[in-house]
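So this block is work21.pdb, PDB, C-alpha atoms, pLDDT in the B column:
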```
ATOM      1  CA  MET Z   5     -28.828 -17.998  -1.091  1.00 40.00           C
ATOM      2  CA  PRO Z   6     -26.569 -17.218  -4.084  1.00 47.00           C
ATOM      3  CA  THR Z   7     -23.418 -15.271  -3.418  1.00 48.00           C
ATOM      4  CA  SER Z   8     -22.819 -11.979  -5.140  1.00 56.00           C
ATOM      5  CA  ARG Z   9     -20.054 -11.781  -7.698  1.00 56.00           C
ATOM      6  CA  SER Z  10     -17.861  -9.609  -5.438  1.00 55.00           C
ATOM      7  CA  ASP Z  11     -18.190 -11.975  -2.470  1.00 60.00           C
ATOM      8  CA  SER Z  12     -17.401 -15.098  -4.431  1.00 66.00           C
ATOM      9  CA  PRO Z  13     -14.172 -16.902  -3.548  1.00 76.00           C
ATOM     10  CA  ARG Z  14     -13.736 -17.266  -7.320  1.00 83.00           C
ATOM     11  CA  CYS Z  15     -13.489 -13.501  -7.807  1.00 92.00           C
ATOM     12  CA  PRO Z  16      -9.791 -12.555  -7.932  1.00 94.00           C
ATOM     13  CA  VAL Z  17     -10.556  -8.926  -7.105  1.00 93.00           C
ATOM     14  CA  ALA Z  18     -12.386  -9.925  -3.918  1.00 92.00           C
ATOM     15  CA  ARG Z  19      -9.585 -12.329  -2.958  1.00 94.00           C
ATOM     16  CA  THR Z  20      -6.974  -9.624  -3.514  1.00 95.00           C
ATOM     17  CA  LEU Z  21      -8.926  -7.120  -1.432  1.00 95.00           C
ATOM     18  CA  GLU Z  22      -9.080  -9.653   1.396  1.00 95.00           C
ATOM     19  CA  ILE Z  23      -5.293  -9.347   1.570  1.00 96.00           C
ATOM     20  CA  ILE Z  24      -4.508  -5.724   0.682  1.00 97.00           C
ATOM     21  CA  GLY Z  25      -7.848  -3.929   0.883  1.00 96.00           C
ATOM     22  CA  GLU Z  26      -7.914  -2.822   4.513  1.00 95.00           C
ATOM     23  CA  ARG Z  27      -7.309   0.813   5.290  1.00 93.00           C
ATOM     24  CA  TRP Z  28      -3.590   1.681   5.611  1.00 97.00           C
ATOM     25  CA  THR Z  29      -2.383  -1.587   4.066  1.00 98.00           C
ATOM     26  CA  ILE Z  30      -1.704  -0.048   0.660  1.00 97.00           C
ATOM     27  CA  LEU Z  31       0.270   2.768   2.303  1.00 97.00           C
ATOM     28  CA  ILE Z  32       2.426   0.240   4.145  1.00 98.00           C
ATOM     29  CA  LEU Z  33       3.101  -1.449   0.809  1.00 98.00           C
ATOM     30  CA  ARG Z  34       3.836   1.944  -0.766  1.00 97.00           C
ATOM     31  CA  ASP Z  35       6.460   2.660   1.880  1.00 98.00           C
ATOM     32  CA  LEU Z  36       8.104  -0.725   1.402  1.00 98.00           C
ATOM     33  CA  LEU Z  37       8.139  -0.371  -2.383  1.00 97.00           C
ATOM     34  CA  LEU Z  38       9.541   3.173  -2.305  1.00 96.00           C
ATOM     35  CA  ASP Z  39      11.909   2.949   0.649  1.00 96.00           C
ATOM     36  CA  GLY Z  40      12.828  -0.709   0.953  1.00 97.00           C
ATOM     37  CA  PRO Z  41      13.133  -2.429   4.352  1.00 97.00           C
ATOM     38  CA  ARG Z  42      11.351  -0.518   7.108  1.00 97.00           C
ATOM     39  CA  ARG Z  43      11.234  -0.669  10.861  1.00 96.00           C
ATOM     40  CA  PHE Z  44       8.013  -0.358  12.810  1.00 96.00           C
ATOM     41  CA  ARG Z  45       8.821   3.195  13.882  1.00 96.00           C
ATOM     42  CA  ASP Z  46       9.318   4.152  10.219  1.00 97.00           C
ATOM     43  CA  PHE Z  47       5.687   3.215   9.602  1.00 98.00           C
ATOM     44  CA  GLU Z  48       4.616   5.170  12.669  1.00 97.00           C
ATOM     45  CA  GLU Z  49       6.346   8.255  11.256  1.00 96.00           C
ATOM     46  CA  SER Z  50       5.089   7.948   7.682  1.00 97.00           C
ATOM     47  CA  LEU Z  51       1.540   7.000   8.709  1.00 96.00           C
ATOM     48  CA  SER Z  52       1.112   9.681  11.347  1.00 90.00           C
ATOM     49  CA  GLY Z  53      -2.164   9.404  13.172  1.00 92.00           C
ATOM     50  CA  VAL Z  54      -2.501   5.645  12.709  1.00 97.00           C
ATOM     51  CA  SER Z  55      -2.474   3.713  15.962  1.00 97.00           C
ATOM     52  CA  PRO Z  56       0.414   1.314  16.601  1.00 97.00           C
ATOM     53  CA  ASN Z  57      -2.130  -1.498  17.045  1.00 98.00           C
ATOM     54  CA  THR Z  58      -3.488  -0.878  13.557  1.00 98.00           C
ATOM     55  CA  ILE Z  59      -0.016  -0.858  12.005  1.00 98.00           C
ATOM     56  CA  SER Z  60       0.861  -4.041  13.861  1.00 97.00           C
ATOM     57  CA  SER Z  61      -2.352  -5.734  12.731  1.00 98.00           C
ATOM     58  CA  ARG Z  62      -1.766  -4.823   9.085  1.00 98.00           C
ATOM     59  CA  LEU Z  63       1.854  -6.008   9.204  1.00 98.00           C
ATOM     60  CA  LYS Z  64       0.829  -9.354  10.733  1.00 98.00           C
ATOM     61  CA  HIS Z  65      -1.884  -9.781   8.106  1.00 98.00           C
ATOM     62  CA  LEU Z  66       0.529  -9.094   5.242  1.00 98.00           C
ATOM     63  CA  GLU Z  67       3.079 -11.447   6.775  1.00 98.00           C
ATOM     64  CA  ALA Z  68       0.490 -14.209   7.194  1.00 98.00           C
ATOM     65  CA  HIS Z  69      -0.312 -13.931   3.481  1.00 98.00           C
ATOM     66  CA  GLY Z  70       3.325 -14.029   2.397  1.00 98.00           C
ATOM     67  CA  VAL Z  71       3.407 -10.440   1.108  1.00 98.00           C
ATOM     68  CA  ILE Z  72       6.039  -9.271   3.594  1.00 98.00           C
ATOM     69  CA  GLU Z  73       8.429 -10.942   5.984  1.00 98.00           C
ATOM     70  CA  ARG Z  74      10.145  -9.919   9.177  1.00 97.00           C
ATOM     71  CA  GLN Z  75      13.904  -9.935   9.316  1.00 96.00           C
ATOM     72  CA  LEU Z  76      15.292 -10.185  12.824  1.00 93.00           C
ATOM     73  CA  TYR Z  77      18.769  -8.809  13.433  1.00 88.00           C
ATOM     74  CA  GLN Z  78      20.790 -10.084  16.371  1.00 83.00           C
ATOM     75  CA  GLU Z  79      21.511  -6.753  17.977  1.00 80.00           C
ATOM     76  CA  HIS Z  80      20.860  -5.433  21.422  1.00 81.00           C
ATOM     77  CA  PRO Z  81      18.091  -4.493  21.591  1.00 83.00           C
ATOM     78  CA  PRO Z  82      16.866  -6.843  18.868  1.00 85.00           C
ATOM     79  CA  ARG Z  83      15.931  -5.090  15.645  1.00 90.00           C
ATOM     80  CA  VAL Z  84      13.202  -6.151  13.244  1.00 95.00           C
ATOM     81  CA  GLU Z  85      12.771  -4.896   9.705  1.00 97.00           C
ATOM     82  CA  TYR Z  86       9.890  -5.600   7.379  1.00 98.00           C
ATOM     83  CA  VAL Z  87      10.676  -6.416   3.751  1.00 98.00           C
ATOM     84  CA  LEU Z  88       8.601  -7.321   0.729  1.00 98.00           C
ATOM     85  CA  THR Z  89       8.698 -10.893  -0.464  1.00 98.00           C
ATOM     86  CA  GLU Z  90       8.792 -11.693  -4.168  1.00 98.00           C
ATOM     87  CA  LYS Z  91       5.018 -11.975  -3.989  1.00 98.00           C
ATOM     88  CA  GLY Z  92       4.842  -8.530  -2.407  1.00 98.00           C
ATOM     89  CA  ARG Z  93       7.112  -6.973  -5.027  1.00 98.00           C
ATOM     90  CA  THR Z  94       4.700  -8.077  -7.745  1.00 98.00           C
ATOM     91  CA  LEU Z  95       2.258  -5.478  -6.349  1.00 98.00           C
ATOM     92  CA  GLY Z  96       4.562  -2.679  -7.582  1.00 97.00           C
ATOM     93  CA  PRO Z  97       2.816  -2.170 -10.944  1.00 97.00           C
ATOM     94  CA  LEU Z  98      -0.573  -2.065  -9.218  1.00 97.00           C
ATOM     95  CA  LEU Z  99       0.573   0.645  -6.814  1.00 96.00           C
ATOM     96  CA  ARG Z 100       2.141   2.628  -9.666  1.00 97.00           C
ATOM     97  CA  GLN Z 101      -1.182   2.477 -11.501  1.00 97.00           C
ATOM     98  CA  MET Z 102      -2.976   3.669  -8.363  1.00 95.00           C
ATOM     99  CA  ARG Z 103      -0.506   6.563  -8.048  1.00 94.00           C
ATOM    100  CA  ASP Z 104      -0.989   7.518 -11.690  1.00 95.00           C
ATOM    101  CA  TRP Z 105      -4.762   7.343 -11.349  1.00 95.00           C
ATOM    102  CA  GLY Z 106      -4.644   9.492  -8.207  1.00 94.00           C
ATOM    103  CA  GLU Z 107      -2.429  12.078  -9.887  1.00 93.00           C
ATOM    104  CA  LYS Z 108      -4.854  12.317 -12.789  1.00 93.00           C
ATOM    105  CA  HIS Z 109      -8.229  12.116 -11.070  1.00 94.00           C
ATOM    106  CA  THR Z 110      -7.925  13.446  -7.518  1.00 92.00           C
ATOM    107  CA  PRO Z 111      -7.171  16.885  -6.114  1.00 88.00           C
ATOM    108  CA  GLY Z 112      -3.573  17.338  -5.075  1.00 80.00           C
ATOM    109  CA  PRO Z 113      -2.268  19.599  -2.320  1.00 76.00           C
ATOM    110  CA  ARG Z 114      -4.450  22.655  -1.769  1.00 66.00           C
ATOM    111  CA  GLY Z 115      -7.210  21.224  -3.944  1.00 57.00           C
ATOM    112  CA  ARG Z 116      -5.266  21.354  -7.222  1.00 53.00           C
ATOM    113  CA  ARG Z 117      -5.272  18.600  -9.798  1.00 50.00           C
ATOM    114  CA  ALA Z 118      -1.979  16.993 -10.645  1.00 48.00           C
ATOM    115  CA  ALA Z 119       0.447  18.669 -13.037  1.00 50.00           C
ATOM    116  CA  SER Z 120      -0.161  15.980 -15.656  1.00 46.00           C
ATOM    117  CA  GLU Z 121      -3.805  17.012 -15.921  1.00 47.00           C
ATOM    118  CA  LYS Z 122      -2.851  20.671 -16.328  1.00 49.00           C
ATOM    119  CA  LYS Z 123      -0.466  19.712 -19.134  1.00 48.00           C
ATOM    120  CA  GLY Z 124      -3.245  17.767 -20.841  1.00 48.00           C
ATOM    121  CA  ARG Z 125      -5.558  20.785 -20.721  1.00 45.00           C
ATOM    122  CA  ALA Z 126      -2.841  23.058 -22.050  1.00 45.00           C
ATOM    123  CA  LYS Z 127      -2.211  20.752 -25.019  1.00 46.00           C
ATOM    124  CA  SER Z 128      -5.897  20.493 -25.846  1.00 45.00           C
ATOM    125  CA  GLY Z 129      -6.424  24.253 -25.516  1.00 49.00           C
ATOM    126  CA  LYS Z 130      -8.974  23.956 -22.689  1.00 47.00           C
TER     127      LYS Z 130
END
```
Could I get this file's structure written as C-alpha coordinates?
Amino acid sequence: MPTSRSDSPRCPVARTLEIIGERWTILILRDLLLDGPRRFRDFEESLSGVSPNTISSRLKHLEAHGVIERQLYQEHPPRVEYVLTEKGRTLGPLLRQMRDWGEKHTPGPRGRRAASEKKGRAKSGK
(Lines of atoms letter the chains of each structure in order from A and count residues from 1; the text may use other names and numbers.)
(Lines give C-alpha, C1' and ligand atoms only; values in the text may rest on other atoms or scores of the structure.)
Protein backbone atom coordinates (compact mmCIF):
# COMPACT_ATOMS: atom_id res chain seq x y z
CA MET A 1 0.00 0.00 0.00
CA PRO A 2 1.48 3.42 -0.90
CA THR A 3 2.18 5.80 1.92
CA SER A 4 0.54 9.19 2.00
CA ARG A 5 2.71 12.23 1.51
CA SER A 6 2.35 13.32 5.16
CA ASP A 7 3.33 9.90 6.51
CA SER A 8 6.38 9.52 4.33
CA PRO A 9 9.75 9.48 6.09
CA ARG A 10 10.89 11.74 3.24
CA CYS A 11 8.49 14.51 4.26
CA PRO A 12 10.40 17.02 6.41
CA VAL A 13 7.18 18.40 7.89
CA ALA A 14 6.12 14.94 9.09
CA ARG A 15 9.61 14.27 10.49
CA THR A 16 9.59 17.59 12.33
CA LEU A 17 6.15 16.92 13.80
CA GLU A 18 7.39 13.57 15.07
CA ILE A 19 9.77 15.54 17.29
CA ILE A 20 7.89 18.73 18.23
CA GLY A 21 4.29 18.06 17.25
CA GLU A 22 2.90 16.53 20.43
CA ARG A 23 0.63 18.63 22.59
CA TRP A 24 2.54 20.83 25.08
CA THR A 25 5.92 20.33 23.39
CA ILE A 26 5.84 23.68 21.59
CA LEU A 27 4.96 25.43 24.86
CA ILE A 28 7.95 23.82 26.58
CA LEU A 29 10.12 25.11 23.74
CA ARG A 30 8.48 28.54 24.04
CA ASP A 31 9.38 28.71 27.72
CA LEU A 32 12.98 27.71 27.06
CA LEU A 33 13.35 30.22 24.24
CA LEU A 34 11.80 33.08 26.23
CA ASP A 35 13.14 32.35 29.70
CA GLY A 36 16.31 30.35 29.18
CA PRO A 37 17.20 27.38 31.42
CA ARG A 38 14.19 26.02 33.29
CA ARG A 39 13.63 23.61 36.12
CA PHE A 40 10.88 21.02 36.07
CA ARG A 41 8.77 22.99 38.54
CA ASP A 42 9.01 26.04 36.25
CA PHE A 43 7.25 24.02 33.56
CA GLU A 44 4.66 22.85 36.06
CA GLU A 45 3.90 26.49 36.90
CA SER A 46 3.80 27.82 33.35
CA LEU A 47 1.86 24.84 31.98
CA SER A 48 -0.74 24.71 34.73
CA GLY A 49 -3.10 21.80 34.36
CA VAL A 50 -0.61 19.57 32.54
CA SER A 51 0.27 16.42 34.45
CA PRO A 52 3.86 15.99 35.65
CA ASN A 53 4.01 12.70 33.71
CA THR A 54 3.18 14.50 30.48
CA ILE A 55 5.81 17.19 31.09
CA SER A 56 8.37 14.52 31.92
CA SER A 57 7.52 12.54 28.79
CA ARG A 58 7.85 15.60 26.54
CA LEU A 59 11.17 16.60 28.12
CA LYS A 60 12.58 13.08 27.65
CA HIS A 61 11.41 13.04 24.04
CA LEU A 62 13.04 16.40 23.28
CA GLU A 63 16.23 15.28 25.02
CA ALA A 64 16.32 12.02 23.06
CA HIS A 65 16.15 14.02 19.83
CA GLY A 66 18.90 16.43 20.84
CA VAL A 67 16.63 19.49 21.09
CA ILE A 68 17.24 20.03 24.81
CA GLU A 69 19.70 18.75 27.36
CA ARG A 70 19.67 18.32 31.10
CA GLN A 71 22.26 20.10 33.16
CA LEU A 72 22.85 18.53 36.55
CA TYR A 73 24.19 20.76 39.31
CA GLN A 74 26.03 19.20 42.23
CA GLU A 75 23.93 20.67 44.99
CA HIS A 76 22.01 19.09 47.80
CA PRO A 77 19.40 18.19 46.80
CA PRO A 78 20.64 17.76 43.24
CA ARG A 79 19.26 20.32 40.82
CA VAL A 80 18.49 19.74 37.16
CA GLU A 81 17.86 22.44 34.59
CA TYR A 82 16.72 21.96 31.02
CA VAL A 83 18.41 24.03 28.32
CA LEU A 84 18.08 24.25 24.56
CA THR A 85 20.85 22.79 22.47
CA GLU A 86 22.06 24.57 19.34
CA LYS A 87 19.62 22.40 17.42
CA GLY A 88 16.82 23.51 19.73
CA ARG A 89 17.70 27.19 19.39
CA THR A 90 17.24 26.93 15.63
CA LEU A 91 13.50 26.49 16.33
CA GLY A 92 13.31 30.13 17.52
CA PRO A 93 12.26 31.60 14.15
CA LEU A 94 9.58 28.93 13.77
CA LEU A 95 8.09 29.75 17.16
CA ARG A 96 8.22 33.48 16.42
CA GLN A 97 6.31 32.83 13.20
CA MET A 98 3.74 30.79 15.12
CA ARG A 99 3.36 33.64 17.64
CA ASP A 100 2.92 36.18 14.86
CA TRP A 101 0.38 33.98 13.10
CA GLY A 102 -1.55 33.49 16.35
CA GLU A 103 -1.58 37.22 17.06
CA LYS A 104 -2.97 37.90 13.61
CA HIS A 105 -5.43 35.06 13.13
CA THR A 106 -6.71 33.90 16.52
CA PRO A 107 -8.83 35.57 19.17
CA GLY A 108 -6.82 37.03 22.02
CA PRO A 109 -7.94 37.43 25.62
CA ARG A 110 -11.70 37.91 25.95
CA GLY A 111 -12.26 36.95 22.32
CA ARG A 112 -10.49 39.98 20.81
CA ARG A 113 -8.15 39.81 17.86
CA ALA A 114 -4.61 40.96 18.37
CA ALA A 115 -3.74 44.66 18.33
CA SER A 116 -1.86 44.25 15.05
CA GLU A 117 -5.07 43.24 13.29
CA LYS A 118 -6.92 46.24 14.71
CA LYS A 119 -4.16 48.52 13.43
CA GLY A 120 -4.45 46.95 9.99
CA ARG A 121 -8.19 47.60 9.90
CA ALA A 122 -7.71 51.17 11.04
CA LYS A 123 -5.18 51.84 8.26
CA SER A 124 -7.42 50.34 5.61
CA GLY A 125 -10.49 52.22 6.86
CA LYS A 126 -12.49 49.05 7.65
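Between Z:Arg83 and the residues Z:Pro97, Z:Pro13, Z:Pro41, Z:Gly25, the shortest atom-to-atom distance, using all atoms listed in the file, involves Z:Pro41.
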Enclose the full set of atoms of stretch 33-43 of chain Z listed in the file within a box whose edges lie along x, y and z, apply 4 Å of padding to each of the six sides, and report centre and edge lengths in Å to one decimal as JSON.
```
{"center_x": 8.1, "center_y": 0.4, "center_z": 4.2, "size_x": 18.0, "size_y": 13.6, "size_z": 21.2}
```
Step by step: start from the point (-0.5, -8.8, 7.1) in the file's coordinates, keep every protein, DNA or RNA residue that has an atom no farther than 12 Å from it, count all atoms listed in the file, and write the set as a PyMOL selection string.
chain Z and resi 22-30+32-33+58-74+86-88+92
Please complete stretch 23-49 of chain Z so it has N, CA and C atoms, and hand it over as a PDB file, in the coordinates of the input.
```pdb
ATOM      1  N   ILE Z  23      -6.683  -9.429   1.113  1.00 96.00           N
ATOM      2  CA  ILE Z  23      -5.293  -9.347   1.570  1.00 96.00           C
ATOM      3  C   ILE Z  23      -4.814  -7.904   1.688  1.00 96.00           C
ATOM      4  N   ILE Z  24      -5.089  -7.075   0.680  1.00 97.00           N
ATOM      5  CA  ILE Z  24      -4.508  -5.724   0.682  1.00 97.00           C
ATOM      6  C   ILE Z  24      -5.540  -4.604   0.760  1.00 97.00           C
ATOM      7  N   GLY Z  25      -6.805  -4.936   0.969  1.00 96.00           N
ATOM      8  CA  GLY Z  25      -7.848  -3.929   0.883  1.00 96.00           C
ATOM      9  C   GLY Z  25      -8.178  -3.173   2.158  1.00 96.00           C
ATOM     10  N   GLU Z  26      -7.606  -3.541   3.285  1.00 95.00           N
ATOM     11  CA  GLU Z  26      -7.914  -2.822   4.513  1.00 95.00           C
ATOM     12  C   GLU Z  26      -7.243  -1.458   4.519  1.00 95.00           C
ATOM     13  N   ARG Z  27      -7.866  -0.531   5.201  1.00 93.00           N
ATOM     14  CA  ARG Z  27      -7.309   0.813   5.290  1.00 93.00           C
ATOM     15  C   ARG Z  27      -5.888   0.754   5.850  1.00 93.00           C
ATOM     16  N   TRP Z  28      -5.005   1.509   5.275  1.00 97.00           N
ATOM     17  CA  TRP Z  28      -3.590   1.681   5.611  1.00 97.00           C
ATOM     18  C   TRP Z  28      -2.683   0.618   5.006  1.00 97.00           C
ATOM     19  N   THR Z  29      -3.228  -0.515   4.592  1.00 98.00           N
ATOM     20  CA  THR Z  29      -2.383  -1.587   4.066  1.00 98.00           C
ATOM     21  C   THR Z  29      -1.647  -1.153   2.807  1.00 98.00           C
ATOM     22  N   ILE Z  30      -2.338  -0.498   1.904  1.00 97.00           N
ATOM     23  CA  ILE Z  30      -1.704  -0.048   0.660  1.00 97.00           C
ATOM     24  C   ILE Z  30      -0.584   0.947   0.961  1.00 97.00           C
ATOM     25  N   LEU Z  31      -0.765   1.788   1.971  1.00 97.00           N
ATOM     26  CA  LEU Z  31       0.270   2.768   2.303  1.00 97.00           C
ATOM     27  C   LEU Z  31       1.494   2.101   2.925  1.00 97.00           C
ATOM     28  N   ILE Z  32       1.293   1.023   3.644  1.00 98.00           N
ATOM     29  CA  ILE Z  32       2.426   0.240   4.145  1.00 98.00           C
ATOM     30  C   ILE Z  32       3.188  -0.345   2.960  1.00 98.00           C
ATOM     31  N   LEU Z  33       2.462  -0.892   2.001  1.00 98.00           N
ATOM     32  CA  LEU Z  33       3.101  -1.449   0.809  1.00 98.00           C
ATOM     33  C   LEU Z  33       3.819  -0.359   0.018  1.00 98.00           C
ATOM     34  N   ARG Z  34       3.200   0.815  -0.083  1.00 97.00           N
ATOM     35  CA  ARG Z  34       3.836   1.944  -0.766  1.00 97.00           C
ATOM     36  C   ARG Z  34       5.186   2.267  -0.143  1.00 97.00           C
ATOM     37  N   ASP Z  35       5.205   2.347   1.189  1.00 98.00           N
ATOM     38  CA  ASP Z  35       6.460   2.660   1.880  1.00 98.00           C
ATOM     39  C   ASP Z  35       7.526   1.608   1.618  1.00 98.00           C
ATOM     40  N   LEU Z  36       7.137   0.350   1.646  1.00 98.00           N
ATOM     41  CA  LEU Z  36       8.104  -0.725   1.402  1.00 98.00           C
ATOM     42  C   LEU Z  36       8.609  -0.716  -0.043  1.00 98.00           C
ATOM     43  N   LEU Z  37       7.729  -0.425  -0.981  1.00 97.00           N
ATOM     44  CA  LEU Z  37       8.139  -0.371  -2.383  1.00 97.00           C
ATOM     45  C   LEU Z  37       9.057   0.819  -2.655  1.00 97.00           C
ATOM     46  N   LEU Z  38       8.753   1.962  -2.052  1.00 96.00           N
ATOM     47  CA  LEU Z  38       9.541   3.173  -2.305  1.00 96.00           C
ATOM     48  C   LEU Z  38      10.838   3.214  -1.510  1.00 96.00           C
ATOM     49  N   ASP Z  39      10.784   2.750  -0.271  1.00 96.00           N
ATOM     50  CA  ASP Z  39      11.909   2.949   0.649  1.00 96.00           C
ATOM     51  C   ASP Z  39      12.655   1.678   1.017  1.00 96.00           C
ATOM     52  N   GLY Z  40      12.161   0.532   0.600  1.00 97.00           N
ATOM     53  CA  GLY Z  40      12.828  -0.709   0.953  1.00 97.00           C
ATOM     54  C   GLY Z  40      12.527  -1.116   2.385  1.00 97.00           C
ATOM     55  N   PRO Z  41      13.384  -1.934   2.995  1.00 97.00           N
ATOM     56  CA  PRO Z  41      13.133  -2.429   4.352  1.00 97.00           C
ATOM     57  C   PRO Z  41      12.816  -1.300   5.324  1.00 97.00           C
ATOM     58  N   ARG Z  42      11.813  -1.552   6.167  1.00 97.00           N
ATOM     59  CA  ARG Z  42      11.351  -0.518   7.108  1.00 97.00           C
ATOM     60  C   ARG Z  42      11.203  -1.119   8.492  1.00 97.00           C
ATOM     61  N   ARG Z  43      11.480  -0.293   9.475  1.00 96.00           N
ATOM     62  CA  ARG Z  43      11.234  -0.669  10.861  1.00 96.00           C
ATOM     63  C   ARG Z  43       9.853  -0.170  11.267  1.00 96.00           C
ATOM     64  N   PHE Z  44       9.350  -0.713  12.351  1.00 96.00           N
ATOM     65  CA  PHE Z  44       8.013  -0.358  12.810  1.00 96.00           C
ATOM     66  C   PHE Z  44       7.893   1.152  13.010  1.00 96.00           C
ATOM     67  N   ARG Z  45       8.902   1.746  13.609  1.00 96.00           N
ATOM     68  CA  ARG Z  45       8.821   3.195  13.882  1.00 96.00           C
ATOM     69  C   ARG Z  45       8.807   4.008  12.591  1.00 96.00           C
ATOM     70  N   ASP Z  46       9.386   3.472  11.516  1.00 97.00           N
ATOM     71  CA  ASP Z  46       9.318   4.152  10.219  1.00 97.00           C
ATOM     72  C   ASP Z  46       7.865   4.255   9.756  1.00 97.00           C
ATOM     73  N   PHE Z  47       7.108   3.181   9.957  1.00 98.00           N
ATOM     74  CA  PHE Z  47       5.687   3.215   9.602  1.00 98.00           C
ATOM     75  C   PHE Z  47       4.933   4.192  10.494  1.00 98.00           C
ATOM     76  N   GLU Z  48       5.271   4.229  11.770  1.00 97.00           N
ATOM     77  CA  GLU Z  48       4.616   5.170  12.669  1.00 97.00           C
ATOM     78  C   GLU Z  48       4.839   6.607  12.215  1.00 97.00           C
ATOM     79  N   GLU Z  49       6.043   6.894  11.719  1.00 96.00           N
ATOM     80  CA  GLU Z  49       6.346   8.255  11.256  1.00 96.00           C
ATOM     81  C   GLU Z  49       5.643   8.570   9.942  1.00 96.00           C
TER      82      GLU Z  49
END
```
